[in-house]
file protein16.pdb (PDB, C-alpha atoms)
ATOM      1  CA  MET A   1      21.180 -25.504  -5.928
ATOM      2  CA  LEU A   2      19.162 -26.051  -2.763
ATOM      3  CA  ILE A   3      17.909 -29.485  -1.816
ATOM      4  CA  GLY A   4      14.514 -30.097  -3.357
ATOM      5  CA  GLU A   5      14.929 -27.358  -5.977
ATOM      6  CA  ARG A   6      14.007 -28.209  -9.564
ATOM      7  CA  ALA A   7      15.195 -26.632 -12.762
ATOM      8  CA  TYR A   8      12.917 -24.222 -14.561
ATOM      9  CA  GLY A   9      11.927 -26.591 -17.355
ATOM     10  CA  GLU A  10      11.110 -29.618 -15.196
ATOM     11  CA  GLU A  11       7.574 -30.659 -14.348
ATOM     12  CA  TRP A  12       6.501 -30.314 -10.731
ATOM     13  CA  PRO A  13       4.761 -33.263  -9.090
ATOM     14  CA  GLN A  14       1.849 -31.058  -7.985
ATOM     15  CA  GLU A  15      -1.854 -31.607  -8.427
ATOM     16  CA  HIS A  16      -2.426 -27.899  -8.956
ATOM     17  CA  PRO A  17      -0.226 -25.729 -11.223
ATOM     18  CA  ASP A  18       1.207 -22.545  -9.732
ATOM     19  CA  ARG A  19       3.962 -21.402 -12.093
ATOM     20  CA  LEU A  20       2.078 -18.183 -12.867
ATOM     21  CA  LYS A  21      -0.645 -16.602 -10.739
ATOM     22  CA  LEU A  22      -2.779 -13.720 -12.028
ATOM     23  CA  TYR A  23      -5.261 -12.266  -9.581
ATOM     24  CA  GLY A  24      -7.656  -9.375  -9.210
ATOM     25  CA  GLY A  25     -10.531  -8.434  -6.971
ATOM     26  CA  TYR A  26     -12.438  -6.007  -4.799
ATOM     27  CA  GLN A  27     -11.073  -4.535  -1.576
ATOM     28  CA  LYS A  28     -13.081  -2.692   1.038
ATOM     29  CA  LEU A  29     -11.004  -0.294   3.138
ATOM     30  CA  PHE A  30     -12.178   0.687   6.606
ATOM     31  CA  GLY A  31     -10.726   2.364   9.669
ATOM     32  CA  ILE A  32      -8.780   4.817   7.499
ATOM     33  CA  ASP A  33      -6.808   7.275   9.605
ATOM     34  CA  GLY A  34      -4.125   9.764   8.749
ATOM     35  CA  LYS A  35      -2.199  12.938   9.427
ATOM     36  CA  PHE A  36      -0.506  15.144   6.844
ATOM     37  CA  ARG A  37       1.858  18.095   6.695
ATOM     38  CA  LEU A  38       2.796  20.030   3.559
ATOM     39  CA  ASP A  39       5.387  22.762   4.166
ATOM     40  CA  GLY A  40       5.587  25.944   2.115
ATOM     41  CA  SER A  41       8.601  27.399   0.331
ATOM     42  CA  LYS A  42       7.675  30.866   1.728
ATOM     43  CA  THR A  43       5.819  30.127   4.957
ATOM     44  CA  GLY A  44       8.017  27.248   6.149
ATOM     45  CA  LEU A  45       6.685  24.515   8.421
ATOM     46  CA  GLY A  46       3.069  23.693   7.621
ATOM     47  CA  SER A  47       0.224  22.603   9.867
ATOM     48  CA  THR A  48      -0.068  18.963  10.865
ATOM     49  CA  PHE A  49      -3.732  18.185  10.301
ATOM     50  CA  ASP A  50      -5.863  15.147  10.979
ATOM     51  CA  TRP A  51      -7.705  13.572   8.061
ATOM     52  CA  HIS A  52     -10.951  13.184  10.008
ATOM     53  CA  ASP A  53     -10.947  16.049  12.531
ATOM     54  CA  GLY A  54      -9.187  18.611  10.357
ATOM     55  CA  LEU A  55     -10.658  17.804   6.940
ATOM     56  CA  GLY A  56     -13.798  15.740   7.582
ATOM     57  CA  GLY A  57     -12.352  12.919   5.502
ATOM     58  CA  ASP A  58     -13.758   9.508   4.563
ATOM     59  CA  ASP A  59     -13.010   6.575   6.824
ATOM     60  CA  ASP A  60     -13.718   3.919   4.183
ATOM     61  CA  ASP A  61     -13.223   3.354   0.461
ATOM     62  CA  ASP A  62     -13.975   0.799  -2.266
ATOM     63  CA  MET A  63     -11.206  -0.097  -4.673
ATOM     64  CA  LEU A  64      -9.771  -2.686  -7.042
ATOM     65  CA  ARG A  65      -6.589  -4.635  -6.398
ATOM     66  CA  ALA A  66      -4.576  -6.682  -8.894
ATOM     67  CA  GLY A  67      -1.226  -8.405  -9.281
ATOM     68  CA  PHE A  68       0.753 -11.412 -10.406
ATOM     69  CA  GLU A  69       3.338 -13.872  -9.143
ATOM     70  CA  PHE A  70       5.743 -15.904 -11.273
ATOM     71  CA  ARG A  71       7.650 -18.854  -9.844
ATOM     72  CA  PHE A  72      10.924 -19.747 -11.518
ATOM     73  CA  ASN A  73      11.038 -22.951  -9.472
ATOM     74  CA  GLU A  74      10.054 -24.187  -6.018
ATOM     75  CA  ASN A  75      12.388 -21.782  -4.238
ATOM     76  CA  HIS A  76      12.356 -18.546  -6.217
ATOM     77  CA  ALA A  77       9.541 -16.239  -7.344
ATOM     78  CA  ILE A  78       8.887 -12.607  -8.209
ATOM     79  CA  GLY A  79       5.660 -10.662  -7.927
ATOM     80  CA  PHE A  80       3.869  -7.358  -8.284
ATOM     81  CA  SER A  81       0.693  -5.853  -6.827
ATOM     82  CA  TRP A  82      -1.206  -2.593  -7.384
ATOM     83  CA  TYR A  83      -4.095  -0.690  -5.842
ATOM     84  CA  ASP A  84      -5.394   2.872  -5.793
ATOM     85  CA  ILE A  85      -7.055   4.674  -2.861
ATOM     86  CA  ASN A  86      -9.305   7.695  -3.513
ATOM     87  CA  LEU A  87     -10.578   9.677  -0.536
ATOM     88  CA  HIS A  88     -12.657  12.852  -0.159
ATOM     89  CA  GLY A  89     -13.299  15.279   2.672
ATOM     90  CA  SER A  90     -15.331  18.414   3.308
ATOM     91  CA  ARG A  91     -15.840  20.602   6.377
ATOM     92  CA  THR A  92     -15.744  24.132   7.846
ATOM     93  CA  VAL A  93     -12.311  25.135   9.118
ATOM     94  CA  ASP A  94     -12.303  25.631  12.912
ATOM     95  CA  ASP A  95      -8.571  26.313  13.239
ATOM     96  CA  ASP A  96      -6.257  27.932  10.687
ATOM     97  CA  LEU A  97      -4.571  25.377   8.437
ATOM     98  CA  GLN A  98      -1.324  26.183   6.635
ATOM     99  CA  ILE A  99      -1.015  23.919   3.597
ATOM    100  CA  ASP A 100       1.907  24.622   1.305
ATOM    101  CA  ASP A 101       2.025  28.425   0.998
ATOM    102  CA  LYS A 102      -1.688  28.929   1.612
ATOM    103  CA  ILE A 103      -3.527  29.438   4.888
ATOM    104  CA  PHE A 104      -7.109  28.180   5.041
ATOM    105  CA  THR A 105      -8.678  30.426   7.654
ATOM    106  CA  VAL A 106     -11.285  29.843  10.352
ATOM    107  CA  GLY A 107     -14.873  29.989   9.147
ATOM    108  CA  GLY A 108     -14.147  29.071   5.561
ATOM    109  CA  GLY A 109     -14.983  25.817   3.876
ATOM    110  CA  ILE A 110     -12.355  23.339   2.728
ATOM    111  CA  LYS A 111     -12.758  20.428   0.326
ATOM    112  CA  SER A 112     -10.027  17.839  -0.017
ATOM    113  CA  LYS A 113      -9.193  14.932  -2.267
ATOM    114  CA  VAL A 114      -6.439  12.393  -1.626
ATOM    115  CA  ASP A 115      -5.250   9.827  -4.153
ATOM    116  CA  LEU A 116      -2.716   7.238  -2.980
ATOM    117  CA  THR A 117      -1.520   4.670  -5.512
ATOM    118  CA  VAL A 118       0.563   1.815  -4.082
ATOM    119  CA  TYR A 119       2.829  -0.471  -6.127
ATOM    120  CA  ARG A 120       4.679  -3.410  -4.590
ATOM    121  CA  PHE A 121       7.501  -5.348  -6.233
ATOM    122  CA  TYR A 122       8.892  -8.347  -4.387
ATOM    123  CA  TYR A 123      11.070 -11.436  -4.554
ATOM    124  CA  ASN A 124      10.200 -14.597  -2.621
ATOM    125  CA  TRP A 125      12.837 -17.052  -1.443
ATOM    126  CA  SER A 126      11.177 -20.224  -0.154
ATOM    127  CA  PHE A 127      13.644 -21.691   2.318
ATOM    128  CA  TYR A 128      11.487 -24.477   3.777
ATOM    129  CA  HIS A 129       9.071 -26.973   2.197
ATOM    130  CA  SER A 130       6.996 -29.840   3.497
ATOM    131  CA  ASP A 131       3.839 -31.513   2.231
ATOM    132  CA  LYS A 132       1.713 -28.865   3.926
ATOM    133  CA  THR A 133       3.949 -25.903   4.791
ATOM    134  CA  GLU A 134       6.061 -23.392   2.895
ATOM    135  CA  LEU A 135       8.108 -20.649   4.587
ATOM    136  CA  PHE A 136       9.594 -17.760   2.622
ATOM    137  CA  LEU A 137      11.524 -14.506   2.951
ATOM    138  CA  SER A 138      10.258 -11.636   0.824
ATOM    139  CA  PRO A 139      12.479  -8.587   0.235
ATOM    140  CA  GLY A 140      10.818  -5.968  -1.927
ATOM    141  CA  MET A 141      10.013  -2.355  -2.629
ATOM    142  CA  TYR A 142       6.862  -0.298  -2.115
ATOM    143  CA  PHE A 143       6.239   2.771  -4.264
ATOM    144  CA  GLY A 144       3.559   5.226  -3.210
ATOM    145  CA  ASN A 145       2.310   8.036  -5.437
ATOM    146  CA  PHE A 146       0.515  10.502  -3.164
ATOM    147  CA  GLU A 147      -1.522  13.334  -4.656
ATOM    148  CA  ALA A 148      -3.562  15.759  -2.563
ATOM    149  CA  LYS A 149      -5.843  18.622  -3.619
ATOM    150  CA  PHE A 150      -7.294  21.195  -1.222
ATOM    151  CA  LYS A 151      -9.850  23.821  -2.211
ATOM    152  CA  GLY A 152     -11.154  26.554   0.077
ATOM    153  CA  ASN A 153     -13.325  29.666  -0.094
ATOM    154  CA  LEU A 154     -11.507  31.752   2.548
ATOM    155  CA  VAL A 155      -7.779  31.526   1.929
ATOM    156  CA  PHE A 156      -4.885  33.728   3.042
ATOM    157  CA  ASP A 157      -1.969  34.253   0.654
ATOM    158  CA  PRO A 158       1.303  35.322   2.386
ATOM    159  CA  ASP A 159       2.085  37.600  -0.568
ATOM    160  CA  ASP A 160      -0.904  39.751   0.438
ATOM    161  CA  PHE A 161      -1.357  41.739   3.636
ATOM    162  CA  ASN A 162      -4.979  40.761   4.113
ATOM    163  CA  PRO A 163      -6.933  37.519   3.799
ATOM    164  CA  VAL A 164      -8.591  36.959   0.460
ATOM    165  CA  ALA A 165     -12.295  36.082   0.653
ATOM    166  CA  GLY A 166     -12.259  33.952  -2.465
ATOM    167  CA  GLU A 167     -11.627  30.468  -3.711
ATOM    168  CA  ASP A 168      -8.126  29.081  -3.976
ATOM    169  CA  LYS A 169      -6.607  25.630  -4.115
ATOM    170  CA  VAL A 170      -3.411  23.706  -3.376
ATOM    171  CA  LYS A 171      -2.230  20.648  -5.285
ATOM    172  CA  GLU A 172       0.703  18.487  -4.205
ATOM    173  CA  LYS A 173       2.159  15.324  -5.721
ATOM    174  CA  ILE A 174       4.633  13.156  -3.788
ATOM    175  CA  GLN A 175       6.485   9.937  -4.650
ATOM    176  CA  ALA A 176       7.734   7.832  -1.753
ATOM    177  CA  PRO A 177       9.717   4.606  -2.367
ATOM    178  CA  LEU A 178      10.316   2.319   0.639
ATOM    179  CA  PRO A 179      12.251  -0.967   0.618
ATOM    180  CA  THR A 180      10.852  -3.723   2.849
ATOM    181  CA  LEU A 181      11.707  -7.146   4.214
ATOM    182  CA  GLY A 182       8.914  -9.670   4.666
ATOM    183  CA  LEU A 183       8.363 -13.104   6.137
ATOM    184  CA  GLY A 184       5.511 -15.383   5.133
ATOM    185  CA  VAL A 185       4.014 -18.843   5.431
ATOM    186  CA  GLU A 186       1.559 -20.852   3.336
ATOM    187  CA  TYR A 187      -0.166 -23.815   4.959
ATOM    188  CA  LYS A 188      -2.376 -26.381   3.203
ATOM    189  CA  ILE A 189      -5.337 -26.984   5.483
ATOM    190  CA  PHE A 190      -6.868 -29.324   2.902
ATOM    191  CA  PRO A 191      -5.655 -30.222  -0.607
ATOM    192  CA  ARG A 192      -7.785 -27.423  -2.109
ATOM    193  CA  LEU A 193      -7.671 -24.930   0.783
ATOM    194  CA  LYS A 194      -4.619 -23.042   2.007
ATOM    195  CA  ALA A 195      -3.933 -20.259   4.511
ATOM    196  CA  ILE A 196      -1.532 -17.433   3.717
ATOM    197  CA  LEU A 197       0.151 -15.268   6.376
ATOM    198  CA  ARG A 198       2.602 -12.505   5.505
ATOM    199  CA  THR A 199       4.140  -9.527   7.269
ATOM    200  CA  ASP A 200       6.382  -6.794   5.822
ATOM    201  CA  PHE A 201       8.347  -4.146   7.698
ATOM    202  CA  PHE A 202      11.008  -1.546   7.100
ATOM    203  CA  TYR A 203      12.505   1.485   8.823
ATOM    204  CA  VAL A 204      14.841   3.997   7.182
ATOM    205  CA  ASN A 205      16.540   7.150   8.471
ATOM    206  CA  VAL A 206      18.902   8.405   5.781
ATOM    207  CA  ASP A 207      19.811  11.991   4.887
ATOM    208  CA  ASN A 208      16.522  13.882   4.553
ATOM    209  CA  ILE A 209      14.018  11.050   4.851
ATOM    210  CA  GLU A 210      12.773   9.048   7.819
ATOM    211  CA  GLY A 211      10.096   6.443   7.323
ATOM    212  CA  THR A 212       8.413   3.330   8.668
ATOM    213  CA  LEU A 213       6.196   0.879   6.818
ATOM    214  CA  ALA A 214       4.439  -2.189   8.203
ATOM    215  CA  GLU A 215       1.895  -4.510   6.583
ATOM    216  CA  PHE A 216       0.095  -7.563   7.966
ATOM    217  CA  TYR A 217      -1.801  -9.905   5.615
ATOM    218  CA  PHE A 218      -3.824 -13.026   6.432
ATOM    219  CA  GLY A 219      -5.955 -14.866   3.891
ATOM    220  CA  LEU A 220      -7.608 -18.108   2.808
ATOM    221  CA  GLU A 221      -7.619 -19.388  -0.769
ATOM    222  CA  TYR A 222      -9.693 -22.219  -2.212
ATOM    223  CA  ARG A 223      -8.837 -23.931  -5.509
ATOM    224  CA  VAL A 224     -12.224 -24.300  -7.217
ATOM    225  CA  PHE A 225     -10.829 -25.770 -10.436
ATOM    226  CA  LYS A 226      -7.389 -26.796 -11.588
ATOM    227  CA  HIS A 227      -6.624 -23.327 -12.962
ATOM    228  CA  PHE A 228      -8.952 -21.124 -10.891
ATOM    229  CA  ALA A 229      -9.127 -20.175  -7.216
ATOM    230  CA  VAL A 230     -11.048 -17.735  -5.030
ATOM    231  CA  GLY A 231      -9.760 -16.063  -1.905
ATOM    232  CA  ALA A 232     -10.541 -13.713   0.961
ATOM    233  CA  ALA A 233      -8.055 -11.838   3.130
ATOM    234  CA  PHE A 234      -7.596  -9.230   5.832
ATOM    235  CA  ASP A 235      -4.896  -6.614   5.266
ATOM    236  CA  ARG A 236      -3.534  -4.003   7.703
ATOM    237  CA  MET A 237      -1.203  -1.255   6.427
ATOM    238  CA  MET A 238       0.677   1.476   8.330
ATOM    239  CA  VAL A 239       3.025   3.998   6.732
ATOM    240  CA  ASP A 240       4.757   7.043   8.246
ATOM    241  CA  ILE A 241       7.191   9.130   6.155
ATOM    242  CA  ASP A 242       8.796  12.467   7.052
ATOM    243  CA  TYR A 243      10.791  14.166   4.312
ATOM    244  CA  LYS A 244      12.978  17.276   4.316
ATOM    245  CA  ASN A 245      14.734  18.075   1.072
ATOM    246  CA  GLY A 246      17.168  20.616   2.484
ATOM    247  CA  LYS A 247      14.831  23.514   1.718
ATOM    248  CA  PRO A 248      11.907  25.014   3.635
ATOM    249  CA  LYS A 249       9.533  22.850   1.625
ATOM    250  CA  GLY A 250       9.070  19.357   3.065
ATOM    251  CA  TRP A 251       6.211  17.017   3.932
ATOM    252  CA  GLU A 252       4.974  14.307   6.287
ATOM    253  CA  LEU A 253       2.553  11.470   5.547
ATOM    254  CA  ASP A 254       1.203   9.256   8.336
ATOM    255  CA  MET A 255      -1.589   6.881   7.266
ATOM    256  CA  SER A 256      -3.089   3.560   8.303
ATOM    257  CA  TRP A 257      -6.024   1.466   7.142
ATOM    258  CA  ASN A 258      -7.618  -1.987   7.229
ATOM    259  CA  GLY A 259      -8.804  -3.878   4.184
ATOM    260  CA  GLY A 260     -11.064  -6.808   3.381
ATOM    261  CA  LEU A 261     -10.016  -8.370   0.071
ATOM    262  CA  PHE A 262     -12.089 -10.727  -2.122
ATOM    263  CA  TYR A 263     -10.422 -11.965  -5.295
ATOM    264  CA  GLY A 264     -10.237 -14.519  -8.051
ATOM    265  CA  ALA A 265      -6.994 -16.028  -9.335
ATOM    266  CA  LEU A 266      -5.921 -17.824 -12.495
ATOM    267  CA  TYR A 267      -3.084 -20.353 -12.260
ATOM    268  CA  PHE A 268      -0.951 -21.669 -15.098
TER     269      PHE A 268
END

call {"tool": "encode", "arguments": {"input": "protein16.pdb", "output": "structure tokens"}}
result
Amino acid sequence: MLIGERAYGEEWPQEHPDRLKLYGGYQKLFGIDGKFRLDGSKTGLGSTFDWHDGLGGDDDDDMLRAGFEFRFNENHAIGFSWYDINLHGSRTVDDDLQIDDKIFTVGGGIKSKVDLTVYRFYYNWSFYHSDKTELFLSPGMYFGNFEAKFKGNLVFDPDDFNPVAGEDKVKEKIQAPLPTLGLGVEYKIFPRLKAILRTDFFYVNVDNIEGTLAEFYFGLEYRVFKHFAVGAAFDRMMVDIDYKNGKPKGWELDMSWNGGLFYGALYF
């Protein structure tokens, strides 16, 4: 047992309880940028297209974010967070786009919808405590469910010899787990006000997958009442994953965004 650690059932000499934290709030995303590639099983390597220039996609989004954190004692905690990003795009194609086994040709319209759901599971090990400061390591796992839909009115099918002047659509669903290692600090500016700084990073290059994930989070939280707090934070996320499954069909996802988070939290 580490020095200063207390057993699960013992009372902590703290003014504010923090055994269990439940939080939820509103997050405004801005500066959304991204590139995608969806290969075809027949046509092979697909086009790498820009979310803004290639698809006329949104650069901001409004969403909800929620999670919890449970502390077993002063040194050990587990947590979970969830949020869902929904983006839309629409424009006239000015350069042929190969998406999956379809080719969206010049002059046709293309509408797109992207849904990215992010789940984060983590474990915090607090290795340093003082009256004002807590430092912790945070290994964890990010899971991203990526679903994209593309609909066009001038689409070429490689099974035909000529372009088809009609509507067609492509739908892809991708799951991308990435383990991460984080480092964070909490600092009590005043008894009721604390600052939270956390960064997570991981790089993997194994078999058919190569990926990088980085997140930077800085926030302030104010304890309004004994069991209730409000907070605001800035969040920066970058993820780049390239996957080849040993067949012609593979994919690449390269996205980044900024977020302003406003939340309420219950403590028990």

call {"tool": "closest_residue", "arguments": {"input": "protein16.pdb", "among": "A:Ile110, A:Ile85, A:Leu55, A:Leu135", "to": "A:Lys28", "atoms": "all atoms listed in the file"}}
result
A:Ile85

call {"tool": "atom_distance", "arguments": {"input": "protein16.pdb", "atom1": "atom CA of A:Phe72", "atom2": "atom CA of A:Leu181"}}
result
20.2 Å

call {"tool": "closest_residue", "arguments": {"input": "protein16.pdb", "among": "A:Gly182, A:Gly264, A:Pro139, A:Gly259", "to": "A:Tyr222", "atoms": "only C-alpha atoms"}}
result
A:Gly264

call {"tool": "resolve_selection", "arguments": {"input": "protein16.pdb", "expression": "the PyMOL selection byres ((chain A and resi 186-188) around 9)", "output": "PyMOL selection string"}}
result
chain A and resi 131-136+184-185+189-198

call {"tool": "closest_residue", "arguments": {"input": "protein16.pdb", "among": "A:Val114, A:Ala77, A:Met63, A:Leu87", "to": "A:Leu20", "atoms": "all atoms listed in the file"}}
result
A:Ala77
